[in-house]
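Text of entry_30.json, listed as JSON, C-alpha atoms:
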[["chain", "number", "residue", "atom", "x", "y", "z"],
["S", 175, "MET", "CA", 17.02, 20.06, 37.38],
["S", 176, "PHE", "CA", 16.45, 16.52, 36.10],
["S", 177, "TYR", "CA", 13.60, 15.74, 33.73],
["S", 178, "GLN", "CA", 12.35, 12.24, 33.03],
["S", 179, "THR", "CA", 11.06, 11.17, 29.66],
["S", 180, "ALA", "CA", 7.98, 9.04, 29.08],
["S", 181, "THR", "CA", 10.17, 5.99, 28.53],
["S", 182, "ASP", "CA", 11.84, 6.52, 31.92],
["S", 183, "ILE", "CA", 8.50, 6.73, 33.70],
["S", 184, "THR", "CA", 6.66, 3.91, 31.93],
["S", 185, "PRO", "CA", 8.69, 0.88, 30.95],
["S", 186, "GLY", "CA", 7.79, -0.58, 27.57],
["S", 187, "VAL", "CA", 6.42, 2.70, 26.20],
["S", 188, "ARG", "CA", 8.39, 4.65, 23.64],
["S", 189, "PRO", "CA", 7.53, 7.84, 21.80],
["S", 190, "ILE", "CA", 6.50, 7.61, 18.15],
["S", 191, "ALA", "CA", 9.17, 8.79, 15.74],
["S", 192, "PRO", "CA", 8.07, 11.32, 13.10],
["S", 193, "THR", "CA", 8.77, 8.78, 10.34],
["S", 194, "GLU", "CA", 6.35, 6.33, 11.98],
["S", 195, "LEU", "CA", 3.38, 8.72, 12.04],
["S", 196, "PHE", "CA", 2.02, 7.65, 8.66],
["S", 197, "GLU", "CA", 3.00, 3.98, 8.90],
["S", 198, "GLY", "CA", 1.09, 1.12, 10.47],
["S", 199, "ASP", "CA", -2.19, 1.68, 12.29],
["S", 200, "THR", "CA", -1.56, 5.07, 13.90],
["S", 201, "MET", "CA", -4.43, 7.50, 14.03],
["S", 202, "LEU", "CA", -2.63, 9.89, 11.65],
["S", 203, "ASN", "CA", -2.62, 7.31, 8.88],
["S", 204, "PRO", "CA", -4.59, 8.70, 5.90],
["S", 205, "LYS", "CA", -6.72, 5.56, 5.67],
["S", 206, "TRP", "CA", -8.60, 6.61, 8.81],
["S", 207, "GLY", "CA", -9.54, 9.90, 7.16],
["S", 208, "VAL", "CA", -10.83, 8.05, 4.10],
["S", 209, "ILE", "CA", -12.85, 5.71, 6.32],
["S", 210, "ALA", "CA", -14.31, 8.66, 8.26],
["S", 211, "VAL", "CA", -15.33, 10.45, 5.05],
["S", 212, "ALA", "CA", -16.92, 7.26, 3.67],
["S", 213, "LEU", "CA", -18.97, 6.80, 6.86],
["S", 214, "ALA", "CA", -20.00, 10.46, 6.76],
["S", 215, "VAL", "CA", -21.15, 10.09, 3.15],
["S", 216, "PHE", "CA", -23.12, 6.99, 4.14],
["S", 217, "ALA", "CA", -24.74, 8.82, 7.08],
["S", 218, "LEU", "CA", -25.66, 11.82, 4.92],
["S", 219, "ALA", "CA", -27.07, 9.63, 2.14],
["S", 220, "ALA", "CA", -29.04, 7.52, 4.61],
["S", 221, "SER", "CA", -30.48, 10.60, 6.32],
["S", 222, "TYR", "CA", -31.47, 12.11, 2.95],
["S", 223, "ASP", "CA", -33.12, 9.01, 1.47],
["S", 224, "ALA", "CA", -33.32, 5.43, 2.73],
["S", 225, "GLN", "CA", -32.88, 3.86, -0.71],
["S", 226, "LEU", "CA", -29.90, 6.08, -1.48],
["S", 227, "GLY", "CA", -28.40, 5.17, 1.88],
["S", 228, "LEU", "CA", -28.95, 1.50, 1.13],
["S", 229, "GLY", "CA", -27.19, 1.87, -2.21],
["S", 230, "VAL", "CA", -24.25, 3.72, -0.68],
["S", 231, "GLY", "CA", -24.07, 1.13, 2.10],
["S", 232, "ILE", "CA", -23.97, -1.74, -0.38],
["S", 233, "GLY", "CA", -21.26, 0.06, -2.33],
["S", 234, "LEU", "CA", -19.20, 0.50, 0.84],
["S", 235, "VAL", "CA", -19.63, -3.17, 1.75],
["S", 236, "VAL", "CA", -18.42, -4.20, -1.73],
["S", 237, "ILE", "CA", -15.38, -1.91, -1.44],
["S", 238, "VAL", "CA", -14.55, -3.27, 2.04],
["S", 239, "ALA", "CA", -14.94, -6.87, 0.81],
["S", 240, "ILE", "CA", -12.55, -6.21, -2.09],
["S", 241, "ALA", "CA", -10.04, -4.50, 0.24],
["S", 242, "LEU", "CA", -10.18, -7.43, 2.68],
["S", 243, "TRP", "CA", -9.72, -9.93, -0.15],
["S", 244, "ILE", "CA", -6.66, -8.04, -1.39],
["S", 245, "ARG", "CA", -5.22, -7.84, 2.13],
["S", 246, "VAL", "CA", -5.72, -11.56, 2.76],
["S", 247, "ARG", "CA", -4.48, -12.49, -0.70],
["S", 248, "PHE", "CA", -1.20, -10.62, -0.38],
["S", 249, "ALA", "CA", -0.60, -11.16, 3.34],
["S", 250, "LEU", "CA", 2.47, -13.00, 4.57],
["S", 251, "GLN", "CA", 2.00, -16.75, 4.54],
["S", 252, "PRO", "CA", 2.64, -18.75, 7.73],
["S", 253, "GLY", "CA", 6.38, -19.26, 8.08],
["S", 254, "GLU", "CA", 7.22, -16.46, 5.63],
["S", 255, "SER", "CA", 9.30, -13.63, 7.02],
["S", 256, "PRO", "CA", 9.28, -10.05, 5.78],
["S", 257, "ALA", "CA", 12.95, -10.52, 4.84],
["S", 258, "ASP", "CA", 11.97, -13.30, 2.41],
["S", 259, "ARG", "CA", 9.41, -11.03, 0.79],
["S", 260, "SER", "CA", 11.85, -8.13, 0.48],
["S", 261, "LYS", "CA", 14.46, -10.45, -1.10],
["S", 262, "LEU", "CA", 11.89, -11.64, -3.62],
["S", 263, "ALA", "CA", 10.78, -8.07, -4.38],
["S", 264, "SER", "CA", 14.37, -6.92, -4.91],
["S", 265, "ARG", "CA", 14.98, -9.90, -7.21],
["S", 266, "PHE", "CA", 11.96, -8.99, -9.36],
["S", 267, "LYS", "CA", 13.08, -5.35, -9.51],
["S", 268, "ARG", "CA", 16.55, -6.46, -10.64],
["S", 269, "LEU", "CA", 15.06, -8.77, -13.27],
["S", 270, "GLY", "CA", 12.83, -5.96, -14.52],
["S", 271, "ARG", "CA", 15.79, -3.60, -14.85],
["S", 272, "ASN", "CA", 17.74, -6.29, -16.73],
["S", 273, "ARG", "CA", 14.78, -6.89, -19.06],
["S", 274, "ARG", "CA", 14.40, -3.17, -19.82],
["S", 275, "ALA", "CA", 18.15, -2.85, -20.44],
["S", 276, "ALA", "CA", 18.07, -5.83, -22.82],
["S", 277, "GLN", "CA", 15.10, -4.36, -24.71],
["S", 278, "ALA", "CA", 16.86, -0.99, -25.00],
["S", 279, "ALA", "CA", 20.05, -2.69, -26.27],
["S", 280, "GLU", "CA", 18.02, -4.65, -28.82],
["S", 281, "LEU", "CA", 16.32, -1.49, -30.06],
["S", 282, "ARG", "CA", 19.68, 0.27, -30.39],
["S", 283, "SER", "CA", 21.12, -2.65, -32.36],
["S", 284, "GLN", "CA", 18.10, -2.72, -34.68],
["S", 285, "SER", "CA", 18.35, 1.00, -35.34],
["S", 286, "ARG", "CA", 22.05, 0.66, -36.29],
["S", 287, "SER", "CA", 21.47, -2.19, -38.75],
["S", 288, "GLU", "CA", 20.90, -1.47, -42.41],
["S", 289, "PRO", "CA", 17.25, -1.10, -43.51],
["S", 290, "GLY", "CA", 17.61, -3.89, -46.09],
["S", 291, "GLU", "CA", 19.27, -6.41, -43.79],
["S", 292, "PRO", "CA", 17.13, -8.83, -41.77],
["S", 293, "SER", "CA", 17.68, -8.44, -38.07]]
Write-out of the structure in structure tokens:
Amino acid sequence: MFYQTATDITPGVRPIAPTELFEGDTMLNPKWGVIAVALAVFALAASYDAQLGLGVGIGLVVIVAIALWIRVRFALQPGESPADRSKLASRFKRLGRNRRAAQAAELRSQSRSEPGEPS
């Protein structure tokens, strides 16, 4: 017996790999749970007291505005590829490792020097 997969039946559709479940904008991404809980808290506060609901709503709007600002601020610029960003990130990681290694070497050399000698 021959079974067809979803990709055989529908061209352009592929199943989601298990590693992709928590990446991107899938429904299993934890951010959707946080958003749902925040909206539930807002609904409960608004149904309990209008002023409390207004305060919670303003707080949520401020948090969303800050999150949007951060997303826009650190988004890829036009013409910038993700490869460029990963190269830059790896360069900064390498520089950080070199800086920590240099600081550790300097501390070791200071601890070996005599207490009376200037370093």
Inset, instruction - Just give me the gap between CA of Gln251 (chain S) and CA of Arg265 (chain S) in Å, one decimal is fine. - result: 18.8 Å
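A straight line drawn from CA of Ala214 (chain S) to CA of Trp243 (chain S) is 23.9 Å long.
Here CA of Gly227 (chain S) stands at a distance of 11.8 Å from CA of Ala212 (chain S).
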4 Å per side around region 241-249 of chain S: axis-aligned box centre and edge lengths, as JSON:
{"center_x": -5.4, "center_y": -8.5, "center_z": 1.0, "size_x": 17.6, "size_y": 16.0, "size_z": 12.7}
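Minimum atom-to-atom distance to Leu234 (chain S), evaluated using only C-alpha atoms, belongs to S:Val215 out of S:Leu202, S:Val215, S:Ala276, S:Leu269.
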